[in-house]
Amino acid sequence: MPPLPDSVLRHLQSVTAAPDLAGTPYELRAPLGRGAMGAVYAVFDTRLGREVAMKVLHTGGRIEQEARIVASLEHPGIVPVHETGELADGQPYYTMRLVRGRSLDAYLTPETPLSERLRVFQKVCETVAFAHSHGVLHRDLKPPNIMAGECGGVVILDWGIARHTHTEEPPGVVAGTPRFMAPRSQPASHARRTSVPISTRWACCSRTVCRPPTLQRRSARLPRGPAKTCPRNAMPMPPR
Amino acid sequence: MFPSTHHSLLAGLQSPETPVRQEALDRFAEVYWKPAYKYIRLRWRRQPADAEDLTQALFAGLLVRDTVNRFDPARGSFHNYLRVCIDNFAHNRTASAAARAIPSLDFAGAEAELALTSMTAMATLTPEEIFHREWQRQIFALALDDLRALAAKPGKAAQWEVFEAYDLASGGDERRPSYGELAARYAVPATQITNYLAWARRQLRELTMARLAGVTGSDRELQAETRRLFEGE
Ligand SMILES: Nc1ncnc2c1ncn2[C@@H]1O[C@H](COP(=O)(O)OP(=O)(O)OP(=O)(O)O)[C@@H](O)[C@H]1O
Ligand SMILES: [Mg+2]
C-alpha cells in the first residue's frame with residue numbers, strides 16, 4: 001500500500017472523528033470546533049427542521065453534568081441546551097442552540113473600537129454575575145470560550161468544567177487553562193475564593209482592552225491604564 | 001466505546017520472560033518504528049544507514065527492561081517518552097551495526113515514503129509535529145490494512161471499493177467522485193453509498209482505537225492518545 005498522503009490522512013481523520021449519527025434525528029452538517037473535551041458540530045434537527053449545535057465528548061465524561069449546569073442557567077448570554085443523548089457508539093452528546101458568530105479571539109481585532117470592547121466586556125460580566133448568583137463557577141473563561149453572535153449577543157460557551165459552589169472539589173485539583181487562569185487558582189496556591197472574578201478580568205480586560213496575560217507575569221498585577229475599567233471588586237462574589 | 005483490550009503493553013515490556021517481552025516489543029515497534037525512523041532522518045538529518053541502526057538500537061534498548069522501567073507514567077505519555085529517548089540516542093550515539101531487535105523492518109519502504117513527502121510542508125513543522133504527524137499516519141495506515149483484511153470477508157467487497165474510491169482518493173475534494181457517480185458505477189441507490197461509507201468509517205474508527213489500545217498503558221493514556229490522533233485534522 002502506498003504511503004498515505006497528507007490530504008488523505010486529513011480526510012480520514014475528519015471522517016473517522018465525525019460522530020456516527022445513525023439512529024438519531026440529526027444529520028451532520030459541519031464541524032464547528034474541537035477542544036480538549038470534545039468536538040462541536042452543526043447538525044440538522046430533522047424533526048424541527050432547524051440547525052443546532054451538538055457537542056460530543058471524546059470519551060465518557062461529565063457531559064451530563066455540563067448539560068445540567070447549562071440548562072439550569074436561563075440567560076441570553078448562555079446557550080440554551082435542547083437535549084442530551086448517546087450516539088450509536090456510546091459517545092455521549094448534548095444539543096444546544098447554534099450560535100452564529102465568531103469566538104472572541106477572532107472577533108476582536110486591533111481595529112475594534114474601545115466602545116465595542118467595553119460593550120462585549122460588560123456583557124461577559126453580566127453573564128458571569130448571573131451564573132455566580134446561581135452558584136455556578138465557570139472556571140475556564142477565555143476568549144475561545146466566548147462567542148460574539150450575529151445580533152450583538154455575547155455568549156459564554158463551554159461549561160465543561162464548571163461547578164456549583166456547593167460541590168467540593170478534591171484538594172489539589174486545579175482546573176482551567178493555565179494562560180487564562182486566575183492567579184490564585186494556578187497550581188501552588190490555595191486560596192481559590194475569588195478565582196472566577198479575577199479570571200474574568202484577565203480574560204476580558206486583557207483581551208478586550210489590553211494585551212493577553214502571560215504566565216510569566218504571575219504577580220497578578222493588571223496592565224496599567226485601562227485596568228481602571230475593571231476595579232478589583234467590580235464582580236459580584238459567588239454565594240458561598 | 002473503547003475496545004476492551006487489556007492494556008498490557010508496559011507490563012509486557014517489563015516482563016521477566018523474554019518471549020513475552022519480544023511479543024510486546026513487536027506490537028509496539030509496528031506502530032512506532034516508522035515515525036522513529038523518519039524522525040531521525042528529518043530531525044537529526046542522519047543518513048539512511050545511520051538512521052536504520054539508531055532505530056534498531058532504540059528498540060533493542062526497549063527490550064532491555066531498564067529503558068522501560070525508567071518510564072514514569074505520571075510524567076507523561078510513553079509516546080513523548082519515546083521521542084525524548086530518540087533525541088538522547090541521536091544526540092549521544094554514533095550508530096553501530098550491533099543490535100537488530102526487529103529483523104523485519106522495511107527501511108527501503110520508509111525511504112520511498114520519505115522521498116514522496118513534501119519537504120516544503122515538512123519544513124514548516126516542528127520536530128515534535130513531524131513525529132506526531134508520522135505517528136498519526138502510521139496508526140491510520142495500520143488500521144487501513146486491518147480494514148482491508150476485514151473487507152476481504154464475503155459480502156464486503158463493494159463497501160471497500162466505494163470507500164477506496166471516495167475516502168482514499170488522493171488530490172483532495174475535487175478529485176473525489178460524487179455519490180451519484182459511485183451509485184451509477186456500482187448500480188446501487190445513492191443511499192447505499194452513504195451506508196457503505198458509514199460502515200467503512202465506523203470500522204476504521206474502531207480499528208484505529210484497537211491499534212491505539214495496543215500501544216497505550218492505561219485508559220487515561222488511551223483517551224489522551226485518541227484526542228491526539230485526530231488533532232490537526
Ligand atoms: N453552540 C455553539 N454554536 C456555535 N459554535 C459553537 C457552539 N458551541 C461550541 N462552538 C464552537 O466549538 C468550539 C469548541 O467548543 P467548546 O469550547 O465547548 O469545546 P471544548 O472541547 O470543551 O473546548 P475546551 O478545549 O475549551 O475545553 C468553540 O470554540 C466554538 O467555536
Ligand atoms: Mg472550549
# chains A, B, ... in the order shown; residues from 1 in each chain; ligands from 1

call {"tool": "residues_near_ligand", "arguments": {"ligand": "ligand 1", "cutoff": "10 Å", "atoms": "only C-alpha atoms and all ligand atoms", "output": "CSV table (one decimal) with all heavy atoms, in the first residue's frame"}}
result
chain,number,residue,atom,x,y,z
A,31,PRO,N,-18.2,20.6,11.0
A,31,PRO,CA,-17.6,20.7,12.3
A,31,PRO,C,-17.5,22.2,12.7
A,31,PRO,O,-17.2,23.0,11.8
A,31,PRO,CB,-16.2,20.1,12.0
A,31,PRO,CG,-16.0,20.1,10.6
A,31,PRO,CD,-17.3,20.1,9.9
A,32,LEU,N,-17.7,22.5,13.9
A,32,LEU,CA,-17.6,23.9,14.4
A,32,LEU,C,-16.4,24.2,15.2
A,32,LEU,O,-15.8,25.3,15.2
A,32,LEU,CB,-18.8,24.2,15.3
A,32,LEU,CG,-20.2,24.3,14.5
A,32,LEU,CD1,-21.3,24.5,15.6
A,32,LEU,CD2,-20.2,25.4,13.5
A,33,GLY,N,-15.9,23.2,15.9
A,33,GLY,CA,-14.7,23.4,16.7
A,33,GLY,C,-14.4,22.1,17.5
A,33,GLY,O,-15.2,21.2,17.6
A,34,ARG,N,-13.2,22.1,18.0
A,34,ARG,CA,-12.7,20.9,18.7
A,34,ARG,C,-11.9,21.4,19.9
A,34,ARG,O,-11.1,22.4,19.7
A,34,ARG,CB,-11.8,20.1,17.7
A,34,ARG,CG,-11.2,18.9,18.3
A,34,ARG,CD,-10.5,18.1,17.2
A,34,ARG,NE,-11.5,17.5,16.4
A,34,ARG,CZ,-12.1,16.3,16.7
A,34,ARG,NH1,-11.8,15.7,17.8
A,34,ARG,NH2,-13.1,15.8,15.9
A,35,GLY,N,-12.1,20.9,21.0
A,35,GLY,CA,-11.4,21.3,22.2
A,35,GLY,C,-10.8,20.1,22.9
A,35,GLY,O,-10.7,19.0,22.4
A,36,ALA,N,-10.4,20.4,24.1
A,36,ALA,CA,-9.8,19.4,24.9
A,36,ALA,C,-10.8,18.3,25.3
A,36,ALA,O,-10.4,17.1,25.3
A,36,ALA,CB,-9.2,20.0,26.2
A,37,MET,N,-12.0,18.6,25.5
A,37,MET,CA,-13.0,17.7,26.0
A,37,MET,C,-13.8,17.0,24.9
A,37,MET,O,-14.2,15.8,25.0
A,37,MET,CB,-14.0,18.4,26.9
A,37,MET,CG,-13.4,19.3,27.9
A,37,MET,SD,-12.4,18.3,28.9
A,37,MET,CE,-13.1,18.7,30.5
A,38,GLY,N,-14.0,17.7,23.8
A,38,GLY,CA,-14.9,17.1,22.8
A,38,GLY,C,-14.9,17.9,21.5
A,38,GLY,O,-14.0,18.7,21.3
A,39,ALA,N,-15.8,17.6,20.7
A,39,ALA,CA,-15.9,18.3,19.4
A,39,ALA,C,-17.4,18.8,19.3
A,39,ALA,O,-18.3,18.2,19.8
A,39,ALA,CB,-15.6,17.4,18.3
A,40,VAL,N,-17.5,19.9,18.6
A,40,VAL,CA,-18.8,20.5,18.4
A,40,VAL,C,-19.1,20.6,16.9
A,40,VAL,O,-18.3,20.9,16.1
A,40,VAL,CB,-18.9,21.9,19.0
A,40,VAL,CG1,-20.3,22.5,18.9
A,40,VAL,CG2,-18.5,21.9,20.5
A,41,TYR,N,-20.3,20.1,16.5
A,41,TYR,CA,-20.7,20.1,15.1
A,41,TYR,C,-22.0,20.9,14.9
A,41,TYR,O,-22.9,20.9,15.8
A,41,TYR,CB,-21.0,18.6,14.7
A,41,TYR,CG,-19.7,17.8,14.9
A,41,TYR,CD1,-19.5,17.1,16.0
A,41,TYR,CD2,-18.8,17.7,13.8
A,41,TYR,CE1,-18.4,16.3,16.2
A,41,TYR,CE2,-17.7,16.9,14.0
A,41,TYR,CZ,-17.5,16.2,15.2
A,41,TYR,OH,-16.3,15.5,15.4
A,42,ALA,N,-22.2,21.4,13.7
A,42,ALA,CA,-23.5,21.9,13.3
A,42,ALA,C,-24.2,20.7,12.8
A,42,ALA,O,-23.7,20.0,12.0
A,42,ALA,CB,-23.4,23.0,12.2
A,51,GLU,N,-31.1,24.0,12.2
A,51,GLU,CA,-29.8,23.6,12.6
A,51,GLU,C,-29.5,23.9,14.1
A,51,GLU,O,-30.0,24.9,14.6
A,51,GLU,CB,-28.8,24.4,11.8
A,51,GLU,CG,-28.6,23.8,10.4
A,51,GLU,CD,-27.3,24.3,9.7
A,51,GLU,OE1,-26.6,25.2,10.2
A,51,GLU,OE2,-27.0,23.8,8.6
A,52,VAL,N,-28.9,23.0,14.7
A,52,VAL,CA,-28.5,23.2,16.1
A,52,VAL,C,-27.0,22.8,16.3
A,52,VAL,O,-26.4,22.2,15.3
A,52,VAL,CB,-29.4,22.3,17.1
A,52,VAL,CG1,-30.8,22.7,17.0
A,52,VAL,CG2,-29.2,20.8,16.8
A,53,ALA,N,-26.4,23.1,17.4
A,53,ALA,CA,-25.0,22.6,17.7
A,53,ALA,C,-25.1,21.4,18.5
A,53,ALA,O,-25.9,21.3,19.5
A,53,ALA,CB,-24.3,23.8,18.3
A,54,MET,N,-24.2,20.4,18.2
A,54,MET,CA,-24.1,19.2,19.0
A,54,MET,C,-22.7,19.1,19.6
A,54,MET,O,-21.7,19.1,18.8
A,54,MET,CB,-24.4,18.0,18.1
A,54,MET,CG,-24.2,16.7,18.8
A,54,MET,SD,-24.4,15.2,17.8
A,54,MET,CE,-26.2,15.0,17.8
A,55,LYS,N,-22.6,18.9,20.9
A,55,LYS,CA,-21.3,18.7,21.5
A,55,LYS,C,-21.2,17.2,21.8
A,55,LYS,O,-22.0,16.7,22.5
A,55,LYS,CB,-21.1,19.6,22.7
A,55,LYS,CG,-19.7,19.4,23.4
A,55,LYS,CD,-19.4,20.6,24.3
A,55,LYS,CE,-18.0,20.4,24.9
A,55,LYS,NZ,-17.6,21.6,25.7
A,56,VAL,N,-20.1,16.6,21.3
A,56,VAL,CA,-19.9,15.2,21.5
A,56,VAL,C,-18.6,15.0,22.3
A,56,VAL,O,-17.6,15.6,21.9
A,56,VAL,CB,-19.8,14.4,20.2
A,56,VAL,CG1,-19.6,12.9,20.4
A,56,VAL,CG2,-21.0,14.7,19.3
A,57,LEU,N,-18.6,14.3,23.4
A,57,LEU,CA,-17.4,14.1,24.2
A,57,LEU,C,-16.6,13.0,23.6
A,57,LEU,O,-17.1,12.0,23.2
A,57,LEU,CB,-17.8,13.8,25.6
A,57,LEU,CG,-17.3,14.8,26.6
A,57,LEU,CD1,-17.9,16.2,26.3
A,57,LEU,CD2,-17.5,14.4,28.0
A,58,HIS,N,-15.3,13.2,23.6
A,58,HIS,CA,-14.4,12.1,23.0
A,58,HIS,C,-14.6,10.9,23.8
A,58,HIS,O,-14.5,9.8,23.3
A,58,HIS,CB,-12.9,12.5,23.2
A,58,HIS,CG,-12.6,13.8,22.4
A,58,HIS,ND1,-12.8,13.9,21.1
A,58,HIS,CD2,-11.9,14.9,22.8
A,58,HIS,CE1,-12.4,15.0,20.6
A,58,HIS,NE2,-11.9,15.7,21.6
A,63,ILE,N,-20.5,15.0,30.6
A,63,ILE,CA,-21.4,15.7,29.7
A,63,ILE,C,-22.7,16.0,30.3
A,63,ILE,O,-23.3,17.0,30.2
A,63,ILE,CB,-21.5,15.1,28.3
A,63,ILE,CG1,-21.9,16.1,27.3
A,63,ILE,CG2,-22.5,13.9,28.3
A,63,ILE,CD1,-21.3,15.9,25.9
A,66,GLU,N,-22.3,18.8,32.6
A,66,GLU,CA,-22.2,20.1,31.9
A,66,GLU,C,-23.6,20.5,31.4
A,66,GLU,O,-23.9,21.7,31.5
A,66,GLU,CB,-21.2,19.9,30.7
A,66,GLU,CG,-21.1,21.1,29.8
A,66,GLU,CD,-20.0,20.9,28.7
A,66,GLU,OE1,-19.2,20.0,28.8
A,66,GLU,OE2,-20.0,21.8,27.8
A,78,ILE,N,-26.1,32.8,27.8
A,78,ILE,CA,-25.7,31.3,27.9
A,78,ILE,C,-26.6,30.5,27.0
A,78,ILE,O,-27.8,30.7,26.9
A,78,ILE,CB,-26.0,30.9,29.4
A,78,ILE,CG1,-25.0,31.7,30.3
A,78,ILE,CG2,-25.7,29.4,29.5
A,78,ILE,CD1,-25.4,31.6,31.8
A,79,VAL,N,-25.9,29.7,26.1
A,79,VAL,CA,-26.7,28.9,25.1
A,79,VAL,C,-27.7,28.0,25.8
A,79,VAL,O,-27.3,27.2,26.7
A,79,VAL,CB,-25.9,28.1,24.2
A,79,VAL,CG1,-25.5,28.8,23.0
A,79,VAL,CG2,-24.7,27.4,24.9
A,80,PRO,N,-29.0,28.0,25.3
A,80,PRO,CA,-29.9,27.0,25.9
A,80,PRO,C,-29.6,25.6,25.4
A,80,PRO,O,-29.2,25.4,24.2
A,80,PRO,CB,-31.3,27.5,25.3
A,80,PRO,CG,-31.0,28.6,24.4
A,80,PRO,CD,-29.6,28.9,24.4
A,81,VAL,N,-29.7,24.7,26.3
A,81,VAL,CA,-29.4,23.2,25.9
A,81,VAL,C,-30.8,22.6,25.5
A,81,VAL,O,-31.8,22.9,26.1
A,81,VAL,CB,-28.9,22.5,27.2
A,81,VAL,CG1,-29.0,21.0,27.0
A,81,VAL,CG2,-27.5,22.8,27.4
A,95,THR,N,-27.3,18.6,22.7
A,95,THR,CA,-27.5,19.6,21.6
A,95,THR,C,-27.9,20.9,22.3
A,95,THR,O,-28.5,21.0,23.4
A,95,THR,CB,-28.6,19.2,20.6
A,95,THR,OG1,-29.8,18.9,21.4
A,95,THR,CG2,-28.2,18.0,19.9
A,96,MET,N,-27.6,22.0,21.5
A,96,MET,CA,-27.9,23.4,22.1
A,96,MET,C,-28.1,24.3,20.9
A,96,MET,O,-27.9,23.9,19.7
A,96,MET,CB,-26.7,23.9,22.9
A,96,MET,CG,-25.4,24.0,22.1
A,96,MET,SD,-23.9,24.3,23.1
A,96,MET,CE,-22.8,23.2,22.3
A,97,ARG,N,-28.5,25.5,21.2
A,97,ARG,CA,-28.7,26.5,20.1
A,97,ARG,C,-27.4,26.7,19.4
A,97,ARG,O,-26.3,26.8,20.0
A,97,ARG,CB,-29.2,27.8,20.7
A,97,ARG,CG,-29.7,28.7,19.6
A,97,ARG,CD,-30.2,30.0,20.2
A,97,ARG,NE,-29.1,30.9,20.4
A,97,ARG,CZ,-29.0,31.8,21.4
A,97,ARG,NH1,-30.1,31.9,22.2
A,97,ARG,NH2,-28.0,32.6,21.6
A,98,LEU,N,-27.5,26.8,18.1
A,98,LEU,CA,-26.3,27.1,17.3
A,98,LEU,C,-26.1,28.6,17.3
A,98,LEU,O,-26.9,29.4,16.9
A,98,LEU,CB,-26.6,26.6,15.8
A,98,LEU,CG,-25.5,26.9,14.8
A,98,LEU,CD1,-24.3,26.1,15.1
A,98,LEU,CD2,-26.0,26.6,13.4
A,99,VAL,N,-24.9,29.0,17.8
A,99,VAL,CA,-24.6,30.4,17.8
A,99,VAL,C,-23.9,30.7,16.5
A,99,VAL,O,-22.9,30.2,16.2
A,99,VAL,CB,-23.6,30.7,19.0
A,99,VAL,CG1,-23.3,32.2,19.0
A,99,VAL,CG2,-24.2,30.2,20.3
A,100,ARG,N,-24.5,31.7,15.8
A,100,ARG,CA,-23.9,32.1,14.5
A,100,ARG,C,-23.0,33.3,14.9
A,100,ARG,O,-23.6,34.4,15.2
A,100,ARG,CB,-24.9,32.4,13.5
A,100,ARG,CG,-25.7,31.1,13.1
A,100,ARG,CD,-26.8,31.4,12.1
A,100,ARG,NE,-27.8,30.3,12.2
A,100,ARG,CZ,-27.7,29.2,11.5
A,100,ARG,NH1,-26.7,29.0,10.6
A,100,ARG,NH2,-28.6,28.3,11.6
A,101,GLY,N,-21.8,33.2,14.8
A,101,GLY,CA,-20.9,34.3,15.1
A,101,GLY,C,-19.5,33.8,15.2
A,101,GLY,O,-19.1,32.8,14.6
A,102,ARG,N,-18.7,34.6,15.9
A,102,ARG,CA,-17.2,34.2,16.0
A,102,ARG,C,-16.8,34.2,17.4
A,102,ARG,O,-17.3,35.0,18.2
A,102,ARG,CB,-16.4,35.2,15.1
A,102,ARG,CG,-16.4,34.8,13.7
A,102,ARG,CD,-15.5,35.8,12.9
A,102,ARG,NE,-16.1,37.1,12.9
A,102,ARG,CZ,-15.5,38.2,12.5
A,102,ARG,NH1,-14.2,38.1,12.1
A,102,ARG,NH2,-16.1,39.4,12.5
A,103,SER,N,-15.8,33.4,17.7
A,103,SER,CA,-15.3,33.4,19.1
A,103,SER,C,-14.5,34.7,19.2
A,103,SER,O,-14.0,35.3,18.3
A,103,SER,CB,-14.5,32.2,19.4
A,103,SER,OG,-13.3,32.2,18.6
A,104,LEU,N,-14.3,35.1,20.5
A,104,LEU,CA,-13.8,36.5,20.7
A,104,LEU,C,-12.3,36.6,20.2
A,104,LEU,O,-12.0,37.7,19.8
A,104,LEU,CB,-13.7,36.8,22.3
A,104,LEU,CG,-15.0,37.3,22.9
A,104,LEU,CD1,-14.6,38.0,24.2
A,104,LEU,CD2,-15.7,38.3,22.0
A,105,ASP,N,-11.6,35.5,20.2
A,105,ASP,CA,-10.2,35.7,19.7
A,105,ASP,C,-10.2,36.0,18.2
A,105,ASP,O,-9.2,36.6,17.7
A,105,ASP,CB,-9.3,34.5,20.0
A,105,ASP,CG,-9.9,33.2,19.8
A,105,ASP,OD1,-11.2,33.1,19.5
A,105,ASP,OD2,-9.2,32.2,19.9
A,106,ALA,N,-11.3,35.6,17.5
A,106,ALA,CA,-11.3,36.0,16.1
A,106,ALA,C,-12.1,37.3,15.9
A,106,ALA,O,-11.8,38.1,15.0
A,106,ALA,CB,-12.0,34.9,15.3
A,140,ASP,N,-13.3,28.3,33.3
A,140,ASP,CA,-12.4,28.3,32.1
A,140,ASP,C,-12.8,29.4,31.2
A,140,ASP,O,-12.9,29.2,30.0
A,140,ASP,CB,-12.6,26.9,31.4
A,140,ASP,CG,-11.4,26.6,30.5
A,140,ASP,OD1,-10.4,27.3,30.6
A,140,ASP,OD2,-11.6,25.7,29.6
A,141,LEU,N,-12.9,30.6,31.7
A,141,LEU,CA,-13.2,31.8,30.9
A,141,LEU,C,-12.0,32.2,30.1
A,141,LEU,O,-10.9,32.4,30.7
A,141,LEU,CB,-13.6,32.9,31.8
A,141,LEU,CG,-15.1,33.0,32.2
A,141,LEU,CD1,-15.3,34.2,33.1
A,141,LEU,CD2,-16.0,33.0,31.0
A,142,LYS,N,-12.2,32.2,28.8
A,142,LYS,CA,-11.1,32.6,27.9
A,142,LYS,C,-11.7,33.0,26.6
A,142,LYS,O,-12.8,32.5,26.3
A,142,LYS,CB,-10.0,31.5,27.8
A,142,LYS,CG,-10.6,30.2,27.3
A,142,LYS,CD,-9.5,29.1,27.2
A,142,LYS,CE,-10.2,27.8,26.8
A,142,LYS,NZ,-9.2,26.7,26.7
A,143,PRO,N,-11.0,33.8,25.8
A,143,PRO,CA,-11.6,34.3,24.5
A,143,PRO,C,-12.2,33.1,23.6
A,143,PRO,O,-13.3,33.3,23.1
A,143,PRO,CB,-10.5,35.0,23.8
A,143,PRO,CG,-9.7,35.5,25.0
A,143,PRO,CD,-9.7,34.5,26.1
A,144,PRO,N,-11.5,32.0,23.5
A,144,PRO,CA,-12.1,31.0,22.6
A,144,PRO,C,-13.4,30.4,23.1
A,144,PRO,O,-14.2,29.8,22.4
A,144,PRO,CB,-11.0,29.9,22.5
A,144,PRO,CG,-9.8,30.4,23.1
A,144,PRO,CD,-10.2,31.6,24.0
A,145,ASN,N,-13.7,30.6,24.4
A,145,ASN,CA,-14.9,30.1,25.0
A,145,ASN,C,-16.0,31.1,25.1
A,145,ASN,O,-17.0,30.9,25.7
A,145,ASN,CB,-14.6,29.5,26.4
A,145,ASN,CG,-13.9,28.1,26.4
A,145,ASN,OD1,-13.9,27.5,25.3
A,145,ASN,ND2,-13.4,27.7,27.5
A,146,ILE,N,-15.8,32.2,24.4
A,146,ILE,CA,-16.8,33.3,24.4
A,146,ILE,C,-17.1,33.6,22.9
A,146,ILE,O,-16.2,33.8,22.1
A,146,ILE,CB,-16.3,34.5,25.1
A,146,ILE,CG1,-16.0,34.2,26.6
A,146,ILE,CG2,-17.4,35.6,25.1
A,146,ILE,CD1,-15.2,35.3,27.3
A,147,MET,N,-18.4,33.7,22.5
A,147,MET,CA,-18.7,34.0,21.1
A,147,MET,C,-19.5,35.3,21.0
A,147,MET,O,-20.4,35.5,21.8
A,147,MET,CB,-19.5,32.8,20.5
A,147,MET,CG,-18.6,31.7,20.1
A,147,MET,SD,-19.5,30.4,19.2
A,147,MET,CE,-19.6,31.1,17.6
A,149,GLY,N,-22.1,36.9,18.9
A,149,GLY,CA,-23.1,36.4,17.9
A,149,GLY,C,-23.5,37.5,16.9
A,149,GLY,O,-23.0,38.6,16.9
A,155,VAL,N,-22.1,35.3,24.0
A,155,VAL,CA,-22.5,34.1,24.6
A,155,VAL,C,-21.2,33.4,25.2
A,155,VAL,O,-20.2,33.2,24.6
A,155,VAL,CB,-23.1,33.1,23.6
A,155,VAL,CG1,-23.6,31.9,24.3
A,155,VAL,CG2,-24.3,33.9,22.9
A,156,ILE,N,-21.4,32.9,26.5
A,156,ILE,CA,-20.3,32.2,27.1
A,156,ILE,C,-20.5,30.7,26.9
A,156,ILE,O,-21.6,30.2,27.2
A,156,ILE,CB,-20.2,32.5,28.6
A,156,ILE,CG1,-19.9,34.0,28.8
A,156,ILE,CG2,-19.1,31.6,29.2
A,156,ILE,CD1,-19.8,34.4,30.2
A,157,LEU,N,-19.6,30.0,26.3
A,157,LEU,CA,-19.7,28.6,26.0
A,157,LEU,C,-18.9,27.7,27.0
A,157,LEU,O,-18.2,28.3,27.8
A,157,LEU,CB,-19.1,28.3,24.6
A,157,LEU,CG,-19.6,29.0,23.4
A,157,LEU,CD1,-18.7,28.8,22.2
A,157,LEU,CD2,-21.0,28.6,23.1
A,158,ASP,N,-19.0,26.4,26.7
A,158,ASP,CA,-18.0,25.5,27.3
A,158,ASP,C,-18.0,25.5,28.9
A,158,ASP,O,-17.1,25.9,29.5
A,158,ASP,CB,-16.6,25.8,26.8
A,158,ASP,CG,-15.7,24.6,27.0
A,158,ASP,OD1,-16.2,23.6,27.6
A,158,ASP,OD2,-14.5,24.7,26.6
A,159,TRP,N,-19.1,25.0,29.4
A,159,TRP,CA,-19.3,24.9,30.8
A,159,TRP,C,-18.8,23.5,31.3
A,159,TRP,O,-19.3,23.0,32.3
A,159,TRP,CB,-20.7,25.2,31.3
A,159,TRP,CG,-21.1,26.6,30.9
A,159,TRP,CD1,-21.4,27.1,29.6
A,159,TRP,CD2,-21.2,27.8,31.7
A,159,TRP,NE1,-21.7,28.4,29.6
A,159,TRP,CE2,-21.5,28.9,30.9
A,159,TRP,CE3,-21.0,28.0,33.1
A,159,TRP,CZ2,-21.7,30.2,31.4
A,159,TRP,CZ3,-21.2,29.3,33.6
A,159,TRP,CH2,-21.5,30.3,32.8
A,160,GLY,N,-17.9,23.0,30.5
A,160,GLY,CA,-17.5,21.6,30.8
A,160,GLY,C,-16.8,21.3,32.1
A,160,GLY,O,-16.9,20.2,32.7
A,161,ILE,N,-16.1,22.3,32.7
A,161,ILE,CA,-15.5,22.1,34.0
A,161,ILE,C,-16.1,23.0,35.0
A,161,ILE,O,-15.6,23.2,36.1
A,161,ILE,CB,-14.0,22.3,33.9
A,161,ILE,CG1,-13.6,23.7,33.5
A,161,ILE,CG2,-13.3,21.2,33.1
A,161,ILE,CD1,-12.1,24.0,33.7
A,176,GLY,N,-8.8,24.5,34.6
A,176,GLY,CA,-8.7,25.7,33.8
A,176,GLY,C,-7.6,25.6,32.7
A,176,GLY,O,-6.9,24.6,32.6
A,177,THR,N,-7.5,26.7,32.0
A,177,THR,CA,-6.4,26.8,31.0
A,177,THR,C,-5.3,27.7,31.6
A,177,THR,O,-5.6,28.9,31.8
A,177,THR,CB,-7.0,27.4,29.7
A,177,THR,OG1,-8.1,26.6,29.3
A,177,THR,CG2,-5.9,27.5,28.6

call {"tool": "select_by_dssp", "arguments": {"residues": "range 4-229 of chain B", "states": "alpha helix (DSSP H)", "output": "PyMOL selection string"}}
result
chain B and resi 9-14+18-43+48-63+65-69+78-92+107-116+119-123+127-151+157-166+179-186+190-214+219-229

call {"tool": "interface_residues", "arguments": {"of": "chain B", "to": "chain A", "cutoff": "8 Å", "atoms": "only C-alpha atoms", "output": "JSON, numbers by chain"}}
result
{"B": [1, 113, 117, 137, 140, 141, 167, 168, 169, 170, 171, 172, 198, 201, 202, 204, 205, 223, 226, 227, 229, 230, 232, 233]}

call {"tool": "residues_around", "arguments": {"residues": "Thr216 in chain B", "least_positions_apart": "3", "cutoff": "8 Å", "atoms": "only C-alpha atoms", "output": "list in words"}}
result
His7, Leu9, Leu10, Phe78, Leu212, Ala213, Asp219, Glu221 and Leu222 of chain B

call {"tool": "write_last_selection", "arguments": {"atoms": "N, CA, C and O atoms", "output": "short mmCIF file (atom, residue, chain, number, x, y, z; two decimals), in the first residue's frame"}}
result
data_model
loop_
_atom_site.label_atom_id
_atom_site.label_comp_id
_atom_site.auth_asym_id
_atom_site.auth_seq_id
_atom_site.Cartn_x
_atom_site.Cartn_y
_atom_site.Cartn_z
N HIS B 7 -4.75 -3.40 28.66
CA HIS B 7 -3.57 -2.57 28.38
C HIS B 7 -2.34 -3.19 29.02
O HIS B 7 -1.93 -2.82 30.09
N LEU B 9 0.67 -3.43 27.58
CA LEU B 9 1.89 -3.12 26.86
C LEU B 9 3.09 -2.95 27.78
O LEU B 9 4.12 -3.61 27.62
N LEU B 10 2.94 -2.07 28.76
CA LEU B 10 4.09 -1.83 29.63
C LEU B 10 4.45 -3.07 30.41
O LEU B 10 5.62 -3.42 30.55
N PHE B 78 3.91 7.55 27.13
CA PHE B 78 5.01 6.75 26.62
C PHE B 78 5.47 7.30 25.27
O PHE B 78 6.66 7.31 24.95
N LEU B 212 -4.50 1.78 18.86
CA LEU B 212 -4.02 2.64 19.96
C LEU B 212 -4.02 1.90 21.28
O LEU B 212 -3.09 2.00 22.07
N ALA B 213 -5.10 1.14 21.50
CA ALA B 213 -5.19 0.41 22.77
C ALA B 213 -4.02 -0.55 22.91
O ALA B 213 -3.55 -0.80 24.02
N ASP B 219 -6.20 3.45 30.52
CA ASP B 219 -7.37 4.07 29.90
C ASP B 219 -7.15 5.56 29.68
O ASP B 219 -7.52 6.13 28.67
N GLU B 221 -4.36 7.18 29.31
CA GLU B 221 -3.44 7.46 28.21
C GLU B 221 -4.13 7.20 26.87
O GLU B 221 -3.95 7.95 25.92
N LEU B 222 -4.96 6.16 26.84
CA LEU B 222 -5.67 5.86 25.61
C LEU B 222 -6.57 7.03 25.22
O LEU B 222 -6.65 7.42 24.05
#

call {"tool": "atom_distance", "arguments": {"atom1": "CA of Cys151 in chain A", "atom2": "CA of Gly77 in chain A"}}
result
12.2 Å

call {"tool": "residues_around", "arguments": {"residues": "range 47-58 of chain B", "least_positions_apart": "5", "cutoff": "12 Å", "atoms": "only C-alpha atoms", "output": "PyMOL selection string"}}
result
chain B and resi 25-26+28-29+32-42+63-64+67-68+82-112+114-115

call {"tool": "atom_distance", "arguments": {"atom1": "CA of Arg133 in chain B", "atom2": "CA of Gly76 in chain B"}}
result
18.5 Å

call {"tool": "closest_residue", "arguments": {"among": "A:Ile69, A:Tyr94, A:His138, A:Glu150", "to": "ligand 2", "atoms": "only C-alpha atoms and all ligand atoms"}}
result
A:His138

call {"tool": "select_by_dssp", "arguments": {"residues": "range 47-137 of chain A", "states": "strand (DSSP E)", "output": "PyMOL selection string"}}
result
chain A and resi 50-57+81-86+92-97+101-103+136-137

call {"tool": "closest_residue", "arguments": {"among": "B:Leu147, B:Ile130, B:Ser178, B:Arg228", "to": "Ala200 in chain B", "atoms": "only C-alpha atoms"}}
result
B:Leu147

call {"tool": "atom_distance", "arguments": {"atom1": "CA of Gly152 in chain A", "atom2": "CA of Leu28 in chain A"}}
result
27.2 Å
